[in-house]
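K.L.:
Here you go, this is model-v7.txt (compact mmCIF, C-alpha atoms).
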# COMPACT_ATOMS: atom_id res chain seq x y z
CA MET A 268 14.04 -43.55 -0.65
CA ALA A 269 14.64 -40.21 -2.36
CA THR A 270 12.82 -37.14 -1.14
CA THR A 271 11.86 -34.12 -3.17
CA ALA A 272 13.29 -30.83 -2.00
CA PRO A 273 10.76 -28.06 -1.48
CA ASN A 274 10.38 -25.62 -4.34
CA PRO A 275 11.75 -22.25 -3.15
CA THR A 276 9.28 -20.41 -5.32
CA THR A 277 6.28 -21.95 -3.58
CA SER A 278 7.47 -22.38 -0.02
CA GLN A 279 6.33 -18.89 0.90
CA ILE A 280 2.89 -19.09 -0.73
CA ASP A 281 0.07 -17.89 1.49
CA ASP A 282 -3.21 -19.71 0.89
CA ALA A 283 -5.00 -17.96 3.76
CA PRO A 284 -7.93 -15.75 2.73
CA LEU A 285 -7.34 -12.02 2.72
CA PRO A 286 -8.90 -9.89 5.45
CA ASP A 287 -12.21 -8.24 4.64
CA LEU A 288 -11.93 -5.01 2.71
CA ALA A 289 -12.89 -1.99 4.83
CA VAL A 290 -15.37 -0.72 2.25
CA GLY A 291 -16.80 1.94 4.55
CA ALA A 292 -13.36 3.35 5.38
CA LEU A 293 -12.34 3.24 1.73
CA VAL A 294 -15.42 5.13 0.55
CA ALA A 295 -15.28 7.66 3.40
CA LEU A 296 -11.57 8.44 3.01
CA CYS A 297 -11.73 8.65 -0.79
CA ALA A 298 -14.74 10.97 -0.57
CA ALA A 299 -12.97 13.13 2.01
CA LYS A 300 -9.86 13.34 -0.18
CA LEU A 301 -11.80 14.34 -3.28
CA LEU A 302 -14.03 16.83 -1.46
CA LEU A 303 -11.00 18.42 0.19
CA HIS A 304 -9.52 19.22 -3.22
CA LEU A 305 -12.86 20.18 -4.75
CA PHE A 306 -13.26 22.94 -2.16
CA THR A 307 -9.63 24.09 -2.24
CA SER A 308 -7.21 23.51 -5.12
CA VAL A 309 -9.83 22.84 -7.79
CA GLN A 310 -11.40 26.25 -7.26
CA HIS A 311 -8.64 28.46 -5.87
CA TYR A 312 -4.99 29.57 -5.93
CA GLY A 313 -4.74 30.28 -9.67
CA TYR A 314 -2.56 28.62 -12.30
CA PHE A 315 0.91 27.43 -11.40
CA ARG A 316 3.43 28.42 -14.08
CA ASP A 317 4.23 24.79 -14.95
CA GLU A 318 0.53 24.12 -15.55
CA LEU A 319 0.46 26.78 -18.27
CA TYR A 320 3.50 25.12 -19.81
CA TYR A 321 1.77 21.74 -19.79
CA LEU A 322 -1.32 23.23 -21.41
CA ASP A 323 0.89 24.49 -24.21
CA MET A 324 2.42 21.01 -24.50
CA ALA A 325 -1.11 19.65 -24.87
CA ARG A 326 -1.54 21.77 -28.00
CA HIS A 327 1.65 20.23 -29.45
CA LEU A 328 1.50 16.53 -28.56
CA ASP A 329 4.73 14.65 -29.12
CA TRP A 330 6.56 11.55 -27.87
CA GLY A 331 8.83 13.64 -25.69
CA TYR A 332 9.78 17.07 -24.40
CA VAL A 333 13.04 18.57 -23.20
CA ASP A 334 12.15 18.44 -19.51
CA ALA A 335 9.23 16.02 -19.30
CA ALA A 336 7.99 12.64 -20.42
CA PRO A 337 4.98 12.68 -22.80
CA LEU A 338 2.06 11.64 -20.59
CA ILE A 339 1.80 15.02 -18.84
CA ALA A 340 0.78 16.55 -22.16
CA VAL A 341 -1.91 13.87 -22.51
CA TYR A 342 -3.33 14.74 -19.08
CA ALA A 343 -3.35 18.42 -20.05
CA ARG A 344 -5.04 17.58 -23.37
CA ILE A 345 -7.82 15.84 -21.43
CA ALA A 346 -8.21 19.03 -19.38
CA LEU A 347 -8.42 21.05 -22.60
CA LEU A 348 -11.13 18.74 -23.90
CA MET A 349 -13.04 19.43 -20.67
CA GLY A 350 -12.81 23.17 -21.32
CA GLY A 351 -9.31 23.99 -20.12
CA SER A 352 -10.48 25.82 -16.99
CA LEU A 353 -8.63 25.72 -13.69
CA ALA A 354 -11.22 23.27 -12.38
CA ALA A 355 -10.80 21.00 -15.42
CA LEU A 356 -7.04 21.05 -14.94
CA ARG A 357 -7.03 20.44 -11.19
CA ILE A 358 -9.70 17.76 -11.01
CA LEU A 359 -7.34 15.23 -12.62
CA PRO A 360 -4.61 15.32 -9.93
CA ALA A 361 -7.36 15.37 -7.27
CA MET A 362 -8.77 12.16 -8.74
CA ALA A 363 -5.26 10.66 -8.91
CA GLY A 364 -4.78 11.42 -5.22
CA THR A 365 -8.14 9.85 -4.46
CA GLY A 366 -7.09 6.75 -6.36
CA LEU A 367 -3.87 6.60 -4.35
CA VAL A 368 -5.83 6.50 -1.08
CA ALA A 369 -7.82 3.54 -2.42
CA LEU A 370 -4.68 1.82 -3.70
CA SER A 371 -2.98 2.23 -0.32
CA ILE A 372 -5.93 0.58 1.42
CA LEU A 373 -5.80 -2.32 -1.03
CA THR A 374 -2.05 -2.63 -0.35
CA VAL A 375 -2.70 -2.94 3.37
CA ARG A 376 -5.19 -5.73 2.70
CA GLU A 377 -2.65 -7.60 0.56
CA LEU A 378 -0.13 -7.29 3.39
CA GLY A 379 -2.63 -8.94 5.72
CA GLY A 380 -3.96 -5.83 7.43
CA ALA A 381 -7.53 -5.81 8.69
CA ARG A 382 -9.92 -2.89 8.72
CA TYR A 383 -8.18 -0.85 11.39
CA ALA A 384 -4.89 -0.95 9.49
CA GLN A 385 -6.64 -0.15 6.22
CA PHE A 386 -8.25 2.92 7.77
CA LEU A 387 -5.00 4.08 9.39
CA ALA A 388 -2.98 3.80 6.18
CA GLY A 389 -5.64 5.54 4.10
CA LEU A 390 -5.84 8.35 6.64
CA ALA A 391 -2.05 8.75 6.66
CA VAL A 392 -1.90 9.01 2.87
CA LEU A 393 -4.79 11.47 2.92
CA LEU A 394 -3.27 13.76 5.56
CA ALA A 395 0.45 13.66 4.64
CA PRO A 396 1.33 17.26 3.66
CA GLY A 397 3.58 16.16 0.83
CA MET A 398 0.78 14.13 -0.74
CA LEU A 399 -1.68 16.99 -0.33
CA ALA A 400 0.75 19.36 -2.01
CA VAL A 401 1.41 17.28 -5.13
CA ASP A 402 -2.29 16.52 -5.59
CA THR A 403 -3.19 20.21 -5.72
CA LEU A 404 -1.41 20.85 -9.03
CA MET A 405 -1.50 19.35 -12.50
CA THR A 406 1.97 17.83 -12.67
CA MET A 407 3.30 14.35 -13.36
CA ASN A 408 4.07 14.07 -9.62
CA ALA A 409 0.39 13.59 -8.81
CA PHE A 410 0.17 10.52 -11.07
CA GLU A 411 3.57 8.98 -10.34
CA PRO A 412 2.53 7.29 -7.05
CA LEU A 413 -0.28 5.44 -8.86
CA PHE A 414 2.18 3.73 -11.19
CA TRP A 415 4.68 2.93 -8.43
CA MET A 416 2.11 1.64 -5.97
CA GLY A 417 0.53 -0.38 -8.75
CA CYS A 418 3.91 -1.99 -9.38
CA LEU A 419 4.45 -2.65 -5.68
CA LEU A 420 0.98 -4.14 -5.32
CA VAL A 421 1.90 -6.55 -8.11
CA VAL A 422 5.12 -7.48 -6.29
CA ILE A 423 3.16 -8.07 -3.07
CA ARG A 424 0.78 -10.36 -4.95
CA ILE A 425 3.74 -12.28 -6.35
CA LEU A 426 5.30 -12.63 -2.91
CA ARG A 427 1.99 -13.77 -1.43
CA THR A 428 0.79 -16.15 -4.17
CA GLY A 429 3.97 -17.23 -5.96
CA ASN A 430 2.41 -16.35 -9.33
CA SER A 431 5.42 -15.10 -11.30
CA ARG A 432 3.30 -14.34 -14.36
CA LEU A 433 2.15 -11.23 -12.55
CA TRP A 434 5.52 -9.68 -13.42
CA LEU A 435 3.96 -8.95 -16.81
CA TRP A 436 1.64 -6.43 -15.15
CA PHE A 437 4.63 -4.94 -13.38
CA GLY A 438 6.22 -4.41 -16.79
CA VAL A 439 3.11 -2.67 -18.12
CA LEU A 440 2.81 -0.33 -15.16
CA ALA A 441 6.54 0.40 -15.06
CA GLY A 442 6.56 1.19 -18.78
CA LEU A 443 3.64 3.59 -18.40
CA GLY A 444 5.34 5.05 -15.35
CA LEU A 445 8.40 5.83 -17.45
CA GLU A 446 6.20 7.63 -19.96
CA ASN A 447 4.79 9.61 -17.04
CA LYS A 448 8.11 10.58 -15.44
CA HIS A 449 11.68 9.46 -16.03
CA SER A 450 12.38 9.12 -12.29
CA THR A 451 10.62 5.76 -12.52
CA LEU A 452 14.04 4.54 -13.70
CA PHE A 453 15.32 4.99 -10.14
CA PHE A 454 12.32 3.13 -8.76
CA GLY A 455 13.06 0.29 -11.18
CA PHE A 456 16.69 0.36 -10.06
CA ALA A 457 15.62 -0.02 -6.42
CA VAL A 458 13.37 -2.97 -7.29
CA ALA A 459 16.15 -4.61 -9.32
CA VAL A 460 18.68 -4.25 -6.49
CA ALA A 461 16.17 -5.63 -3.98
CA VAL A 462 15.47 -8.67 -6.18
CA LEU A 463 19.20 -9.34 -6.56
CA LEU A 464 19.84 -9.01 -2.83
CA VAL A 465 16.81 -10.83 -1.46
CA ARG A 466 15.17 -13.18 -3.99
CA PRO A 467 17.49 -13.70 -7.00
CA ARG A 468 16.95 -17.47 -7.34
CA GLU A 469 13.20 -17.15 -7.22
CA PHE A 470 12.61 -14.17 -9.47
CA LEU A 471 15.38 -14.16 -12.08
CA LYS A 472 13.26 -16.32 -14.34
CA PRO A 473 11.73 -15.74 -17.83
CA TRP A 474 8.66 -13.84 -16.58
CA ILE A 475 10.67 -11.04 -15.03
CA TRP A 476 12.75 -10.63 -18.21
CA ILE A 477 9.57 -10.49 -20.29
CA ALA A 478 8.33 -7.79 -17.92
CA VAL A 479 11.53 -5.82 -18.51
CA ALA A 480 10.99 -6.18 -22.27
CA ILE A 481 7.42 -4.89 -21.94
CA ALA A 482 8.55 -1.87 -19.93
CA VAL A 483 11.29 -1.07 -22.47
CA ALA A 484 8.83 -1.46 -25.37
CA LEU A 485 6.38 0.98 -23.78
CA PHE A 486 9.21 3.42 -23.04
CA MET A 487 10.70 3.05 -26.53
CA PRO A 488 8.79 5.91 -28.26
CA ASN A 489 10.16 8.43 -25.79
CA LEU A 490 13.61 6.82 -25.90
CA ILE A 491 13.68 7.08 -29.70
CA TRP A 492 12.62 10.73 -29.41
CA GLN A 493 15.52 11.33 -27.01
CA ILE A 494 18.04 9.53 -29.23
CA LYS A 495 17.02 11.47 -32.35
CA ARG A 496 17.54 14.75 -30.48
CA HIS A 497 20.77 13.72 -28.70
CA PHE A 498 19.17 13.31 -25.27
CA PRO A 499 18.03 16.88 -24.53
CA THR A 500 16.59 15.82 -21.16
CA LEU A 501 20.04 14.76 -19.93
CA GLU A 502 21.46 18.05 -21.14
CA ASP A 503 18.72 19.94 -19.31
CA LEU A 504 19.43 18.03 -16.09
CA GLU A 505 23.12 18.78 -16.41
CA ASN A 506 22.37 22.50 -16.88
CA VAL A 507 20.24 22.46 -13.74
CA ARG A 508 23.04 20.78 -11.80
CA ARG A 509 25.70 23.16 -13.11
CA GLU A 510 23.64 26.23 -12.26
CA GLY A 511 23.07 24.98 -8.72
CA LYS A 512 19.26 25.28 -8.83
CA ASN A 513 18.71 22.26 -6.59
CA VAL A 514 19.27 22.55 -2.85
CA VAL A 515 21.89 20.03 -1.69
CA LEU A 516 21.28 18.75 1.83
CA PRO A 517 23.61 16.61 4.00
CA PRO A 518 22.19 13.23 5.09
CA LEU A 519 20.74 14.31 8.45
CA ALA A 520 19.16 17.44 6.98
CA PHE A 521 17.76 15.36 4.12
CA ILE A 522 16.12 12.95 6.59
CA LYS A 523 14.78 15.87 8.65
CA GLN A 524 13.25 17.36 5.53
CA GLN A 525 11.50 14.08 4.74
CA ILE A 526 10.10 13.93 8.27
CA LEU A 527 8.74 17.46 7.93
CA VAL A 528 7.15 17.10 4.49
CA MET A 529 5.38 13.90 5.54
CA HIS A 530 4.58 15.49 8.95
CA PRO A 531 6.36 14.56 12.18
CA VAL A 532 3.21 12.94 13.59
CA LEU A 533 3.28 10.41 10.74
CA PHE A 534 7.02 9.76 11.02
CA PRO A 535 6.60 6.82 13.46
CA VAL A 536 4.13 5.20 11.08
CA TRP A 537 6.37 5.08 8.03
CA LEU A 538 9.54 4.41 10.04
CA LEU A 539 7.84 1.49 11.76
CA GLY A 540 6.59 0.34 8.37
CA ALA A 541 10.12 0.27 6.96
CA PHE A 542 11.41 -1.75 9.94
CA TRP A 543 8.46 -4.13 9.80
CA LEU A 544 9.03 -4.87 6.11
CA LEU A 545 12.72 -5.55 6.73
CA ARG A 546 11.90 -7.74 9.72
CA GLU A 547 9.26 -9.87 7.99
CA ARG A 548 10.94 -12.50 5.80
CA ARG A 549 8.11 -12.61 3.28
CA TRP A 550 8.07 -8.83 2.76
CA ARG A 551 11.79 -8.10 3.19
CA LEU A 552 12.21 -7.42 -0.51
CA LEU A 553 9.80 -4.47 -0.19
CA GLY A 554 11.75 -3.07 2.74
CA VAL A 555 14.95 -3.24 0.74
CA VAL A 556 13.23 -1.43 -2.15
CA PHE A 557 12.39 1.44 0.20
CA VAL A 558 15.87 1.61 1.76
CA VAL A 559 17.69 1.43 -1.59
CA PHE A 560 15.49 4.10 -3.12
CA PHE A 561 15.78 6.39 -0.07
CA VAL A 562 19.58 6.08 0.02
CA THR A 563 19.86 6.55 -3.75
CA MET A 564 17.86 9.78 -3.61
CA GLU A 565 20.01 11.11 -0.79
CA ILE A 566 23.24 10.27 -2.65
CA LEU A 567 21.93 11.97 -5.81
CA HIS A 568 20.78 15.03 -3.79
CA ALA A 569 17.25 14.63 -5.09
CA LYS A 570 14.45 17.09 -4.40
CA ASP A 571 12.34 16.17 -1.41
CA TYR A 572 9.23 15.32 -3.44
CA TYR A 573 11.09 12.69 -5.49
CA LEU A 574 10.53 10.31 -2.57
CA PHE A 575 6.81 10.96 -2.14
CA PRO A 576 5.63 8.09 -4.41
CA ILE A 577 7.31 5.45 -2.21
CA TYR A 578 5.77 6.53 1.10
CA PRO A 579 2.35 4.88 0.67
CA LEU A 580 4.17 1.53 0.83
CA VAL A 581 5.67 2.20 4.26
CA PHE A 582 2.48 3.89 5.49
CA ALA A 583 0.64 0.69 4.59
CA ALA A 584 3.25 -1.51 6.27
CA GLY A 585 3.37 0.72 9.34
CA ALA A 586 -0.41 0.52 9.70
CA VAL A 587 -0.26 -3.29 9.58
CA ALA A 588 2.55 -3.36 12.15
CA ILE A 589 0.66 -1.04 14.51
CA GLU A 590 -2.49 -3.13 14.17
CA ARG A 591 -0.65 -6.37 14.92
CA TRP A 592 1.58 -5.10 17.69
CA THR A 593 -1.18 -3.27 19.54
CA GLY A 594 -3.91 -5.80 18.79
CA LYS A 595 -6.33 -3.01 17.93
CA ARG A 596 -9.41 -3.68 15.80
CA PHE A 597 -11.87 -1.21 17.32
CA TRP A 598 -15.19 -0.50 15.62
CA LEU A 599 -13.75 -1.05 12.16
CA LYS A 600 -13.77 -4.81 12.62
Translate this structure into structure tokens?

P.N.:
Amino acid sequence: MATTAPNPTTSQIDDAPLPDLAVGALVALCAAKLLLHLFTSVQHYGYFRDELYYLDMARHLDWGYVDAAPLIAVYARIALLMGGSLAALRILPAMAGTGLVALSILTVRELGGARYAQFLAGLAVLLAPGMLAVDTLMTMNAFEPLFWMGCLLVVIRILRTGNSRLWLWFGVLAGLGLENKHSTLFFGFAVAVAVLLVRPREFLKPWIWIAVAIAVALFMPNLIWQIKRHFPTLEDLENVRREGKNVVLPPLAFIKQQILVMHPVLFPVWLLGAFWLLRERRWRLLGVVFVVFFVTMEILHAKDYYLFPIYPLVFAAGAVAIERWTGKRFWLK
């Protein structure tokens, strides 16, 4: 009597209910994050030179700029509509950082973390110096983690539920991420490599190709702008490289720099998170995404903040690992 082989796309489906959302921790941490910026960067320190440049972009909206994707001008235009003051300009990245804290907590929940892990991950994202720095200024760097973590949350949902149609949302978020900052291409590269190495038979199906088409379609206006002007952004990047403006660090110094900008106290959390993702069969694809992206940035001698958008993933995973391996639930249960 013939037997039916298990479907590889559904064998990993998790039908167990998600842990309760730590609503109190989410509200408290998001409020703390927003208030922190309201009393510091939103009111003080003066304009950063790039912010003045972006305000000028906002007065000349276009589908592209020599050294930036178009969405930064849209953010600055919103600030102009709110009066164009320093507070109007800085409140937007502060809100983006607040949203990232919430998104990190939701990521922990999708990974199976209970309230203690949700609180720990949200606190890590709130306190990480690199995150605090990018959320103080109106730049595309403050918004980039929202797009990346949104994409990764979609991937987690796919891994947990087996619903491949969710790749369509990945395509939407990735396409918008490209319009926010071109470095999303490297994030997409890391995801693609991870899929090919870990889950090619499961994911190389029509839905993922439709997602790629959606991302390309959303990126197309900026791509057309680049083509018509003979790719000025690539020329600008080459000029920066030739003039030696970027600091090139050897591998160990690069890793040390990452530990410092995320704070040494938080280093065990994200390192443990990376190992936990690689160790867990269901989430291994996410661990490979982190490793591939980290190694790619080191090889390309990227600036330290280019890696910031990927850290909420390993903070979330590290919080789950700590919760499970220590058995702590405390008063947040």

K.L.:
Here is a test: counting only C-alpha atoms, which residue of A:Gly540, A:Gly313, A:Gly331, A:Gly291 is nearest to Ala354 in chain A?

P.N.:
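Among A:Gly540, A:Gly313, A:Gly331, A:Gly291, it is A:Gly313 that comes nearest to Ala354 in chain A.
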
K.L.:
Could you name the residues that touch range 488-497 of chain A at 8 Å or less, counting only C-alpha atoms, but leaving out those on the same chain fewer than 5 positions away, as a list of chain:residue names?

P.N.:
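Contacts, in chain order: A:Trp330, A:Gly331, A:Ala336, A:Pro337, A:Glu446.
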
K.L.:
With 9 Å as the threshold, what does the neighbourhood of (0.6, -2.3, -1.7) contain in terms of residues, counting only C-alpha atoms? Coordinates are those of the file; answer as a list in words.

P.N.:
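The residues near that point, listed by chain and number, are Leu370, Ser371, Ile372, Leu373, Thr374, Val375, Arg376, Glu377, Leu378, Met416, Gly417, Cys418, Leu419, Leu420, Val421, Val422, Ile423, Arg424, Pro579, Leu580, Ala583 and Ala584 of chain A.
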
K.L.:
Tell me which of A:Leu574, A:Val333, A:Leu347, A:Leu367 sits closest to Cys297 in chain A, counting only C-alpha atoms.

P.N.:
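Counting only C-alpha atoms, the residue closest to Cys297 in chain A is A:Leu367.
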
K.L.:
Quick one: residues within 8 Å of Leu539 in chain A, all atoms listed in the file, excluding same-chain residues fewer than 5 positions away - as a count of residues only?

P.N.:
4

K.L.:
Could you check the closest approach to Asn513 in chain A for each of A:His568, A:Leu285, A:Ala478, A:Trp415 and tell me which residue wins, using all atoms listed in the file?

P.N.:
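Using all atoms listed in the file, the shortest distance to Asn513 in chain A belongs to A:His568.
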
K.L.:
Point out the residue among A:Val309, A:Leu338, A:Val294, A:Ala299 with the least atom-to-atom distance to Gly442 in chain A, counting all atoms listed in the file.

P.N.:
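So, comparing all the options, the nearest one is A:Leu338.
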
K.L.:
Which residue out of A:Asp571, A:Glu505, A:Asp402, A:Glu469 has the minimum interatomic distance to Gly366 in chain A when all atoms listed in the file are used?

P.N.:
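So, comparing all the options, the nearest one is A:Asp402.
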
K.L.:
I'd like to know which of A:Phe453, A:Leu445, A:Leu464, A:Pro531 is closest to Met487 in chain A, using only C-alpha atoms.

P.N.:
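That would be A:Leu445, the residue with the smallest distance to Met487 in chain A.
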
K.L.:
Interatomic distance between CA of Leu545 in chain A and CA of Pro286 in chain A?

P.N.:
22.1 Å

K.L.:
What is the CA of Val562 in chain A-CA of Phe414 in chain A distance in Å, reported with one decimal?

P.N.:
20.8 Å

K.L.:
So which residues are close to (6.2, 14.5, 4.9), meaning at most 8 Å away in the file's coordinates with only C-alpha atoms counted, and can you show them as JSON, numbers by chain?

P.N.:
{"A": [395, 396, 397, 398, 524, 525, 526, 527, 528, 529, 530, 531, 533, 534, 575]}

K.L.:
Rounded to one decimal place, report the CA of Ala482 in chain A-CA of Arg551 in chain A distance in Å.

P.N.:
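Taking CA of Ala482 in chain A and CA of Arg551 in chain A, their separation equals 24.2 Å.
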
K.L.:
Give me the residues within 8 Å of range 341-344 of chain A as a PDB file with C-alpha atoms, keeping the file's coordinate frame, counting only C-alpha atoms and dropping any in the same chain fewer than 4 places off.

P.N.:
ATOM      1  CA  TYR A 321       1.770  21.740 -19.790  1.00  0.00           C
ATOM      2  CA  LEU A 322      -1.320  23.230 -21.410  1.00  0.00           C
ATOM      3  CA  MET A 324       2.420  21.010 -24.500  1.00  0.00           C
ATOM      4  CA  ALA A 325      -1.110  19.650 -24.870  1.00  0.00           C
ATOM      5  CA  ARG A 326      -1.540  21.770 -28.000  1.00  0.00           C
ATOM      6  CA  LEU A 328       1.500  16.530 -28.560  1.00  0.00           C
ATOM      7  CA  PRO A 337       4.980  12.680 -22.800  1.00  0.00           C
ATOM      8  CA  LEU A 348     -11.130  18.740 -23.900  1.00  0.00           C
ATOM      9  CA  LEU A 356      -7.040  21.050 -14.940  1.00  0.00           C
ATOM     10  CA  LEU A 359      -7.340  15.230 -12.620  1.00  0.00           C
ATOM     11  CA  MET A 405      -1.500  19.350 -12.500  1.00  0.00           C
TER      12      MET A 405
END

K.L.:
For range 382-391 of chain A, find every residue with an atom within 6 Å (counting all atoms listed in the file), except residues of its own chain fewer than 3 positions away, and show them as JSON, numbers by chain.

P.N.:
{"A": [289, 292, 368, 372, 375, 394, 395, 582, 583, 586, 587, 590, 596, 599, 600]}
